[in-house]
Amino acid sequence: LRDDVFRTGRPVEKTEVKHVGRDEHGQEIERYFNMLYLLVHDAAGRKYGVVSYATEVTELVKSRKSLQVSEESFRVLAQRAFAAEQKLR
């Protein structure tokens, strides 16, 4: 990835990149990051290297996934309530 950015000069952005690691107790944990890779030039304007920025978005991803599960549960409940109401008519 860094080589591509260095070669082409085009920045690369990756969102919600999953990283599986271990905590201080050896337990496996999932973390998510938004990543940005940018070409860096020296004072003469020559390609110098690639810098990367990472922002952890684990809580955002977990919240969104939890909301999706909740919305699906509500949708199923609403469909069942509607079906039950139709049977009572």
# chains A, B, ... in the order shown; residues from 1 in each chain; ligands from 1
$ residues_around --residues "stretch 34-49 of chain A" --least-positions-apart "4" --cutoff "8 Å" --atoms "only C-alpha atoms" --output "list in words"
Arg2, Val5, Phe6, Gly9, Arg10, Pro11, Val12, Glu13, Lys14, Thr15, Glu16, Val17, Tyr53, Ala54, Thr55, Glu56 and Val57 of chain A
$ select_by_dssp --residues "chain A" --states "helix (DSSP H, G or I)" --output "PyMOL selection string"
chain A and resi 2-8+58-88
$ atom_distance --atom1 "atom CA of A:Leu88" --atom2 "atom CA of A:Ser73"
22.7 Å
$ select_by_dssp --residues "stretch 1-77 of chain A" --states "strand (DSSP E or B)" --output "NGL selection string"
:A and (12-22 or 28-41 or 47-56)
$ atom_distance --atom1 "atom CA of A:Phe33" --atom2 "atom CA of A:Val61"
9.4 Å
